[in-house]
Amino acid sequence: MAADALTGGHDQTGSRHRLIAKPGTWLVWGGVVLFFICLAGVIFSVAVDSFATRWFGSWWPQGLTTHWYSDAWSSFNLSQLMTVTGEVALVVVVVSVLIGVPASYVLARRQFPGKKLVMLLFLLPVLIPPITYGIPLATLLYKVHLAGRLSGVILANLVPSVPFVVLTMTPFIEQVDPKIEAAARMCGARTTSVFTRVLAPLLVPGVLAAGILVLVRTVGMFDLTFLTAGPSSQTLVVALYYSVFSAGIRAQQSIDSMAVIYTASMMVLLIIALRFVNPTQLVTRMKEEVAG
């Protein structure tokens with residue numbers, strides 16, 4: 001007992017010494033805490049200002065009102081912006097899944113020359129900043145008279161979305177035992193039947209995860225949408241950008257109300273996405289593909 005007590009005392013002393021001997025750990029955690037405090041402060045100030053009647057030179061507004069939300073909804077025509085954002089996001093999700101899932105199946109099941117090169121080409125739009133290929137892509141869309149329209153915004157967002165579906169779905173397909181497909185083929189099932197009746201039910205979680213991630217990415221995509229959107233094809237994030245840089249035309253509280261609506265919608269989408277996909281596994285998969 002005495003030995004156990006002595007050992008326990010040494011363990012506690014060693015733990016204290018390890019904590020004291022690593023000031024870098026405290027600095028890192030202190031920086032993380034400071035970052036989140038600053039982030040929470042910015043979000044809180046914008047949220048409070050969206051309800052403020054007047055807020056000058058004091059720690060709290062002189063009064064609170066919900067008038068700015070109705071004003072933002074009418075002055076910014078948020079109903080149209082939300083409709084356009086929803087249309088773009090849903091079409092991008094459906095088309096990305098229809099193209100990405102078969103491509104993922106080929107990459108997961110088939111071996112062919114240049115497979116690593118093809119995978120690298122799929123990864124490039126995900127790894128590099130969108131602005132690097134967004135400008136030449138927008139130039140091309142303007143030449144063919146698609147930019148400024150809803151179709152141009154959808155095509156621009158498909159460029160990173162299809163590779164994103166491929167990146168997400170390939171691990172799901174690789175986890176399905178090929179013997180299941182072989183057994184179905186031995187029973188006389190054709191390739192279409194194997195894909196729709198055997199693989200599709202097994203891949204539903206992966207398709208949901210990929211679709212939700214593409215939805216979040218499309219709603220929050222600023223670069224490509226900004227470069228290709230017109231007056232009638234702006235999404236919520238692009239309209240918010242224009243509103244911020246047109247200060248003085250509208251009240252700041254009205255702009256903050258629009259920002260709160262956008263932030264709240266993105267938070268809801270992110271929470272839903274995190275219930276279907278593990279970001280750590282996704283990052284690990286990307287590293288493996290790049291290393292390969």
# chains A, B, ... in the order shown; residues from 1 in each chain; ligands from 1
$ closest_atom_pairs --of "region 70-131 of chain A" --to "region 203-206 of chain A" --cutoff "12 Å" --atoms "only C-alpha atoms" --output "tab-separated table"
residue	atom	partner	partner_atom	distance
A:Val97	CA	A:Gly206	CA	10.4
A:Gly100	CA	A:Gly206	CA	11.6
A:Val101	CA	A:Leu203	CA	9.3
A:Pro102	CA	A:Leu203	CA	11.6
A:Ser104	CA	A:Gly206	CA	11.3
A:Tyr105	CA	A:Leu203	CA	10.7
$ write_last_selection --atoms "C-alpha atoms" --output "tab-separated table (two decimals), in the first residue's frame"
chain	number	residue	atom	x	y	z
A	97	VAL	CA	-23.53	12.79	-57.31
A	100	GLY	CA	-19.05	11.49	-59.14
A	101	VAL	CA	-20.43	8.16	-57.89
A	102	PRO	CA	-19.82	6.21	-61.17
A	104	SER	CA	-15.63	6.80	-57.91
A	105	TYR	CA	-16.66	3.23	-58.70
$ select_by_dssp --residues "region 39-223 of chain A" --states "alpha helix (DSSP H)" --output "JSON, numbers by chain"
{"A": [39, 40, 41, 42, 43, 44, 45, 46, 47, 48, 49, 67, 68, 69, 70, 71, 72, 73, 74, 75, 78, 79, 80, 81, 82, 83, 84, 85, 86, 87, 88, 89, 90, 91, 92, 93, 94, 95, 96, 97, 98, 99, 100, 101, 102, 103, 104, 105, 106, 107, 108, 109, 115, 116, 117, 118, 119, 120, 121, 122, 123, 124, 125, 126, 127, 130, 131, 132, 133, 134, 135, 136, 137, 138, 139, 140, 141, 142, 143, 150, 151, 152, 153, 154, 155, 156, 157, 158, 159, 160, 161, 162, 163, 164, 165, 166, 167, 168, 169, 170, 171, 172, 173, 174, 175, 178, 179, 180, 181, 182, 183, 184, 185, 186, 191, 192, 193, 200, 201, 202, 204, 205, 206, 207, 208, 209, 210, 211, 212, 213, 214, 215, 216, 217, 218, 219, 220, 223]}
$ residues_around --residues "region 215-229 of chain A" --least-positions-apart "3" --cutoff "9 Å" --atoms "only C-alpha atoms" --output "PyMOL selection string"
chain A and resi 85-86+88-90+92-93+130-131+133-135+137-139+141-142+146-150+152-154+156-158+161+210-212+232-238+241+266+269-270+273
$ residues_around --residues "region 188-194 of chain A" --least-positions-apart "5" --cutoff "12 Å" --atoms "only C-alpha atoms" --output "ChimeraX atom specification"
/A:102,105,178-183,199-202
$ write_last_selection --atoms "N, CA and C atoms" --output "JSON list (two decimals), in the first residue's frame"
[["chain", "number", "residue", "atom", "x", "y", "z"],
["A", 102, "PRO", "N", -20.39, 7.17, -60.19],
["A", 102, "PRO", "CA", -19.82, 6.21, -61.17],
["A", 102, "PRO", "C", -18.32, 6.38, -61.35],
["A", 105, "TYR", "N", -16.63, 4.70, -58.55],
["A", 105, "TYR", "CA", -16.66, 3.23, -58.70],
["A", 105, "TYR", "C", -15.54, 2.76, -59.62],
["A", 178, "PRO", "N", -15.77, -6.78, -52.84],
["A", 178, "PRO", "CA", -16.08, -7.11, -54.25],
["A", 178, "PRO", "C", -16.74, -8.47, -54.42],
["A", 179, "LYS", "N", -16.61, -9.35, -53.43],
["A", 179, "LYS", "CA", -17.25, -10.66, -53.52],
["A", 179, "LYS", "C", -18.78, -10.53, -53.58],
["A", 180, "ILE", "N", -19.32, -9.45, -52.99],
["A", 180, "ILE", "CA", -20.77, -9.24, -53.06],
["A", 180, "ILE", "C", -21.20, -9.02, -54.50],
["A", 181, "GLU", "N", -20.44, -8.22, -55.21],
["A", 181, "GLU", "CA", -20.75, -7.97, -56.63],
["A", 181, "GLU", "C", -20.57, -9.25, -57.44],
["A", 182, "ALA", "N", -19.50, -10.00, -57.14],
["A", 182, "ALA", "CA", -19.25, -11.24, -57.88],
["A", 182, "ALA", "C", -20.39, -12.23, -57.68],
["A", 183, "ALA", "N", -20.91, -12.32, -56.45],
["A", 183, "ALA", "CA", -22.02, -13.23, -56.18],
["A", 183, "ALA", "C", -23.27, -12.81, -56.96],
["A", 199, "LEU", "N", -25.14, -2.31, -54.89],
["A", 199, "LEU", "CA", -24.22, -1.30, -54.37],
["A", 199, "LEU", "C", -24.95, -0.08, -53.83],
["A", 200, "ALA", "N", -25.98, 0.37, -54.54],
["A", 200, "ALA", "CA", -26.65, 1.62, -54.17],
["A", 200, "ALA", "C", -27.14, 1.62, -52.71],
["A", 201, "PRO", "N", -27.84, 0.56, -52.24],
["A", 201, "PRO", "CA", -28.26, 0.59, -50.82],
["A", 201, "PRO", "C", -27.09, 0.63, -49.84],
["A", 202, "LEU", "N", -25.97, 0.00, -50.21],
["A", 202, "LEU", "CA", -24.81, 0.02, -49.32],
["A", 202, "LEU", "C", -24.11, 1.38, -49.32]]
$ atom_distance --atom1 "CA of Phe56 (chain A)" --atom2 "CA of Ile37 (chain A)"
22.5 Å
$ residues_around --residues "Gln252 (chain A)" --least-positions-apart "4" --cutoff "12 Å" --atoms "only C-alpha atoms" --output "list in words"
Val46, Ala47, Val48, Asp49, Ser50, Phe51, Ala52, Thr53, Arg54, Trp55, Trp68, Tyr69, Asp71, Ala72, Leu240, Ser243, Val244, Phe245, Ser246, Ala247, Gly248, Asp256, Ser257, Met258 and Ala259 of chain A
$ atom_distance --atom1 "CA of Thr65 (chain A)" --atom2 "CA of Ile43 (chain A)"
17.9 Å
$ atom_distance --atom1 "CA of Val166 (chain A)" --atom2 "CA of Leu107 (chain A)"
8.6 Å
$ residues_around --residues "region 108-122 of chain A" --least-positions-apart "6" --cutoff "6 Å" --atoms "only C-alpha atoms" --output "number ranges by chain"
A: 163, 170, 174
$ write_last_selection --atoms "N, CA and C atoms" --output "PDB file, in the first residue's frame"
ATOM      1  N   PRO A 163     -15.086  16.536 -58.224  1.00  0.00           N
ATOM      2  CA  PRO A 163     -13.931  15.894 -57.573  1.00  0.00           C
ATOM      3  C   PRO A 163     -14.139  15.677 -56.078  1.00  0.00           C
ATOM      4  N   THR A 170     -14.992   7.400 -53.018  1.00  0.00           N
ATOM      5  CA  THR A 170     -14.050   6.318 -53.316  1.00  0.00           C
ATOM      6  C   THR A 170     -13.762   5.441 -52.097  1.00  0.00           C
ATOM      7  N   GLU A 174     -14.556   1.375 -51.781  1.00  0.00           N
ATOM      8  CA  GLU A 174     -13.467   0.445 -51.502  1.00  0.00           C
ATOM      9  C   GLU A 174     -13.764  -0.438 -50.299  1.00  0.00           C
TER      10      GLU A 174
END
$ closest_residue --among "A:Asn77, A:Val91, A:Leu127, A:Ala184" --to "Val198 (chain A)" --atoms "only C-alpha atoms"
A:Ala184
$ closest_residue --among "A:Arg197, A:Arg185, A:Ala103, A:Val268" --to "Leu167 (chain A)" --atoms "only C-alpha atoms"
A:Ala103
$ decode --residues "region 46-191 of chain A" --atoms "C-alpha atoms" --output "PDB file, in the first residue's frame"
ATOM      1  CA  VAL A  46     -22.604  41.386 -35.193  1.00  0.00           C
ATOM      2  CA  ALA A  47     -25.569  39.460 -33.759  1.00  0.00           C
ATOM      3  CA  VAL A  48     -26.293  42.148 -31.156  1.00  0.00           C
ATOM      4  CA  ASP A  49     -25.913  44.945 -33.707  1.00  0.00           C
ATOM      5  CA  SER A  50     -28.488  43.227 -35.924  1.00  0.00           C
ATOM      6  CA  PHE A  51     -31.042  43.861 -33.154  1.00  0.00           C
ATOM      7  CA  ALA A  52     -29.773  47.305 -32.074  1.00  0.00           C
ATOM      8  CA  THR A  53     -31.718  50.522 -32.570  1.00  0.00           C
ATOM      9  CA  ARG A  54     -28.646  52.697 -31.929  1.00  0.00           C
ATOM     10  CA  TRP A  55     -25.200  51.652 -30.719  1.00  0.00           C
ATOM     11  CA  PHE A  56     -22.577  54.377 -30.406  1.00  0.00           C
ATOM     12  CA  GLY A  57     -19.947  54.769 -27.693  1.00  0.00           C
ATOM     13  CA  SER A  58     -21.449  52.315 -25.197  1.00  0.00           C
ATOM     14  CA  TRP A  59     -20.988  48.668 -24.307  1.00  0.00           C
ATOM     15  CA  TRP A  60     -24.647  47.864 -25.048  1.00  0.00           C
ATOM     16  CA  PRO A  61     -27.145  49.266 -27.598  1.00  0.00           C
ATOM     17  CA  GLN A  62     -29.685  51.852 -26.515  1.00  0.00           C
ATOM     18  CA  GLY A  63     -32.485  49.502 -27.521  1.00  0.00           C
ATOM     19  CA  LEU A  64     -33.292  46.249 -29.299  1.00  0.00           C
ATOM     20  CA  THR A  65     -35.632  45.589 -32.211  1.00  0.00           C
ATOM     21  CA  THR A  66     -36.327  42.958 -34.860  1.00  0.00           C
ATOM     22  CA  HIS A  67     -37.156  45.604 -37.444  1.00  0.00           C
ATOM     23  CA  TRP A  68     -33.815  45.187 -39.240  1.00  0.00           C
ATOM     24  CA  TYR A  69     -34.561  41.584 -40.188  1.00  0.00           C
ATOM     25  CA  SER A  70     -37.771  42.493 -41.983  1.00  0.00           C
ATOM     26  CA  ASP A  71     -35.998  45.470 -43.537  1.00  0.00           C
ATOM     27  CA  ALA A  72     -33.153  43.227 -44.763  1.00  0.00           C
ATOM     28  CA  TRP A  73     -35.622  40.671 -46.113  1.00  0.00           C
ATOM     29  CA  SER A  74     -37.397  43.288 -48.226  1.00  0.00           C
ATOM     30  CA  SER A  75     -34.511  45.609 -49.195  1.00  0.00           C
ATOM     31  CA  PHE A  76     -32.099  42.813 -50.127  1.00  0.00           C
ATOM     32  CA  ASN A  77     -34.865  40.668 -51.657  1.00  0.00           C
ATOM     33  CA  LEU A  78     -33.723  37.747 -49.544  1.00  0.00           C
ATOM     34  CA  SER A  79     -36.511  35.496 -50.791  1.00  0.00           C
ATOM     35  CA  GLN A  80     -35.051  35.593 -54.308  1.00  0.00           C
ATOM     36  CA  LEU A  81     -31.493  35.215 -53.000  1.00  0.00           C
ATOM     37  CA  MET A  82     -32.460  32.179 -50.931  1.00  0.00           C
ATOM     38  CA  THR A  83     -34.302  30.691 -53.912  1.00  0.00           C
ATOM     39  CA  VAL A  84     -31.319  31.167 -56.237  1.00  0.00           C
ATOM     40  CA  THR A  85     -28.933  29.791 -53.591  1.00  0.00           C
ATOM     41  CA  GLY A  86     -31.141  26.745 -53.092  1.00  0.00           C
ATOM     42  CA  GLU A  87     -31.507  26.116 -56.829  1.00  0.00           C
ATOM     43  CA  VAL A  88     -27.766  26.343 -57.444  1.00  0.00           C
ATOM     44  CA  ALA A  89     -26.920  24.137 -54.460  1.00  0.00           C
ATOM     45  CA  LEU A  90     -29.491  21.423 -55.245  1.00  0.00           C
ATOM     46  CA  VAL A  91     -28.613  21.188 -58.941  1.00  0.00           C
ATOM     47  CA  VAL A  92     -24.892  21.063 -58.130  1.00  0.00           C
ATOM     48  CA  VAL A  93     -25.477  18.316 -55.552  1.00  0.00           C
ATOM     49  CA  VAL A  94     -27.588  16.158 -57.893  1.00  0.00           C
ATOM     50  CA  VAL A  95     -25.285  16.518 -60.913  1.00  0.00           C
ATOM     51  CA  SER A  96     -22.147  16.015 -58.798  1.00  0.00           C
ATOM     52  CA  VAL A  97     -23.527  12.789 -57.315  1.00  0.00           C
ATOM     53  CA  LEU A  98     -24.682  11.483 -60.711  1.00  0.00           C
ATOM     54  CA  ILE A  99     -21.215  12.066 -62.193  1.00  0.00           C
ATOM     55  CA  GLY A 100     -19.045  11.486 -59.137  1.00  0.00           C
ATOM     56  CA  VAL A 101     -20.426   8.161 -57.888  1.00  0.00           C
ATOM     57  CA  PRO A 102     -19.824   6.212 -61.165  1.00  0.00           C
ATOM     58  CA  ALA A 103     -16.402   7.837 -61.481  1.00  0.00           C
ATOM     59  CA  SER A 104     -15.626   6.801 -57.905  1.00  0.00           C
ATOM     60  CA  TYR A 105     -16.664   3.233 -58.695  1.00  0.00           C
ATOM     61  CA  VAL A 106     -14.282   3.082 -61.663  1.00  0.00           C
ATOM     62  CA  LEU A 107     -11.405   4.492 -59.610  1.00  0.00           C
ATOM     63  CA  ALA A 108     -12.103   2.131 -56.708  1.00  0.00           C
ATOM     64  CA  ARG A 109     -12.611  -1.075 -58.709  1.00  0.00           C
ATOM     65  CA  ARG A 110     -10.559  -0.761 -61.882  1.00  0.00           C
ATOM     66  CA  GLN A 111      -6.831  -0.661 -62.513  1.00  0.00           C
ATOM     67  CA  PHE A 112      -5.739   1.142 -65.665  1.00  0.00           C
ATOM     68  CA  PRO A 113      -2.683   3.069 -66.903  1.00  0.00           C
ATOM     69  CA  GLY A 114      -2.566   6.626 -65.636  1.00  0.00           C
ATOM     70  CA  LYS A 115      -4.945   5.991 -62.738  1.00  0.00           C
ATOM     71  CA  LYS A 116      -2.832   8.021 -60.301  1.00  0.00           C
ATOM     72  CA  LEU A 117      -2.671  10.874 -62.794  1.00  0.00           C
ATOM     73  CA  VAL A 118      -6.462  10.853 -63.146  1.00  0.00           C
ATOM     74  CA  MET A 119      -6.856  10.892 -59.366  1.00  0.00           C
ATOM     75  CA  LEU A 120      -4.423  13.804 -59.148  1.00  0.00           C
ATOM     76  CA  LEU A 121      -6.440  15.724 -61.737  1.00  0.00           C
ATOM     77  CA  PHE A 122      -9.572  15.129 -59.667  1.00  0.00           C
ATOM     78  CA  LEU A 123      -7.789  16.393 -56.561  1.00  0.00           C
ATOM     79  CA  LEU A 124      -6.418  19.596 -58.087  1.00  0.00           C
ATOM     80  CA  PRO A 125      -9.687  21.623 -57.953  1.00  0.00           C
ATOM     81  CA  VAL A 126     -10.069  20.620 -54.304  1.00  0.00           C
ATOM     82  CA  LEU A 127      -6.493  21.323 -53.230  1.00  0.00           C
ATOM     83  CA  ILE A 128      -5.721  24.576 -55.023  1.00  0.00           C
ATOM     84  CA  PRO A 129      -7.530  27.876 -54.289  1.00  0.00           C
ATOM     85  CA  PRO A 130     -10.607  28.386 -56.504  1.00  0.00           C
ATOM     86  CA  ILE A 131      -9.464  31.836 -57.607  1.00  0.00           C
ATOM     87  CA  THR A 132      -6.464  30.321 -59.445  1.00  0.00           C
ATOM     88  CA  TYR A 133      -8.688  28.535 -61.957  1.00  0.00           C
ATOM     89  CA  GLY A 134     -11.792  30.656 -61.419  1.00  0.00           C
ATOM     90  CA  ILE A 135     -10.605  33.597 -63.526  1.00  0.00           C
ATOM     91  CA  PRO A 136      -9.828  31.581 -66.707  1.00  0.00           C
ATOM     92  CA  LEU A 137     -12.992  29.538 -66.128  1.00  0.00           C
ATOM     93  CA  ALA A 138     -15.075  32.714 -65.863  1.00  0.00           C
ATOM     94  CA  THR A 139     -13.404  34.088 -69.012  1.00  0.00           C
ATOM     95  CA  LEU A 140     -14.380  30.925 -70.890  1.00  0.00           C
ATOM     96  CA  LEU A 141     -17.968  31.083 -69.618  1.00  0.00           C
ATOM     97  CA  TYR A 142     -18.263  34.729 -70.679  1.00  0.00           C
ATOM     98  CA  LYS A 143     -17.039  33.843 -74.165  1.00  0.00           C
ATOM     99  CA  VAL A 144     -19.756  31.198 -74.555  1.00  0.00           C
ATOM    100  CA  HIS A 145     -22.367  33.550 -73.012  1.00  0.00           C
ATOM    101  CA  LEU A 146     -23.051  31.401 -69.952  1.00  0.00           C
ATOM    102  CA  ALA A 147     -21.575  33.662 -67.272  1.00  0.00           C
ATOM    103  CA  GLY A 148     -24.079  35.956 -65.592  1.00  0.00           C
ATOM    104  CA  ARG A 149     -26.734  33.259 -65.798  1.00  0.00           C
ATOM    105  CA  LEU A 150     -27.803  30.548 -63.398  1.00  0.00           C
ATOM    106  CA  SER A 151     -26.365  27.881 -65.693  1.00  0.00           C
ATOM    107  CA  GLY A 152     -22.943  29.536 -65.602  1.00  0.00           C
ATOM    108  CA  VAL A 153     -22.921  29.636 -61.794  1.00  0.00           C
ATOM    109  CA  ILE A 154     -23.895  25.953 -61.676  1.00  0.00           C
ATOM    110  CA  LEU A 155     -21.191  24.931 -64.156  1.00  0.00           C
ATOM    111  CA  ALA A 156     -18.541  26.882 -62.249  1.00  0.00           C
ATOM    112  CA  ASN A 157     -19.479  25.231 -58.950  1.00  0.00           C
ATOM    113  CA  LEU A 158     -19.435  21.774 -60.533  1.00  0.00           C
ATOM    114  CA  VAL A 159     -15.699  22.051 -61.199  1.00  0.00           C
ATOM    115  CA  PRO A 160     -14.681  21.525 -57.536  1.00  0.00           C
ATOM    116  CA  SER A 161     -17.852  19.677 -56.497  1.00  0.00           C
ATOM    117  CA  VAL A 162     -17.524  16.609 -58.754  1.00  0.00           C
ATOM    118  CA  PRO A 163     -13.931  15.894 -57.573  1.00  0.00           C
ATOM    119  CA  PHE A 164     -15.132  16.406 -54.006  1.00  0.00           C
ATOM    120  CA  VAL A 165     -17.751  13.685 -54.472  1.00  0.00           C
ATOM    121  CA  VAL A 166     -15.130  11.400 -56.014  1.00  0.00           C
ATOM    122  CA  LEU A 167     -12.799  12.017 -53.081  1.00  0.00           C
ATOM    123  CA  THR A 168     -15.558  11.279 -50.571  1.00  0.00           C
ATOM    124  CA  MET A 169     -17.153   8.278 -52.287  1.00  0.00           C
ATOM    125  CA  THR A 170     -14.050   6.318 -53.316  1.00  0.00           C
ATOM    126  CA  PRO A 171     -13.280   5.133 -49.733  1.00  0.00           C
ATOM    127  CA  PHE A 172     -16.918   4.069 -49.241  1.00  0.00           C
ATOM    128  CA  ILE A 173     -16.845   1.945 -52.412  1.00  0.00           C
ATOM    129  CA  GLU A 174     -13.467   0.445 -51.502  1.00  0.00           C
ATOM    130  CA  GLN A 175     -14.934  -0.747 -48.186  1.00  0.00           C
ATOM    131  CA  VAL A 176     -17.603  -2.792 -49.982  1.00  0.00           C
ATOM    132  CA  ASP A 177     -16.393  -6.354 -50.508  1.00  0.00           C
ATOM    133  CA  PRO A 178     -16.075  -7.108 -54.252  1.00  0.00           C
ATOM    134  CA  LYS A 179     -17.255 -10.661 -53.518  1.00  0.00           C
ATOM    135  CA  ILE A 180     -20.772  -9.244 -53.057  1.00  0.00           C
ATOM    136  CA  GLU A 181     -20.747  -7.975 -56.629  1.00  0.00           C
ATOM    137  CA  ALA A 182     -19.248 -11.239 -57.879  1.00  0.00           C
ATOM    138  CA  ALA A 183     -22.021 -13.229 -56.182  1.00  0.00           C
ATOM    139  CA  ALA A 184     -24.683 -11.042 -57.781  1.00  0.00           C
ATOM    140  CA  ARG A 185     -23.116 -11.469 -61.208  1.00  0.00           C
ATOM    141  CA  MET A 186     -23.015 -15.258 -60.725  1.00  0.00           C
ATOM    142  CA  CYS A 187     -26.750 -15.120 -60.051  1.00  0.00           C
ATOM    143  CA  GLY A 188     -27.273 -13.467 -63.438  1.00  0.00           C
ATOM    144  CA  ALA A 189     -27.402  -9.783 -62.459  1.00  0.00           C
ATOM    145  CA  ARG A 190     -26.191  -7.316 -65.055  1.00  0.00           C
ATOM    146  CA  THR A 191     -23.863  -4.416 -64.310  1.00  0.00           C
TER     147      THR A 191
END
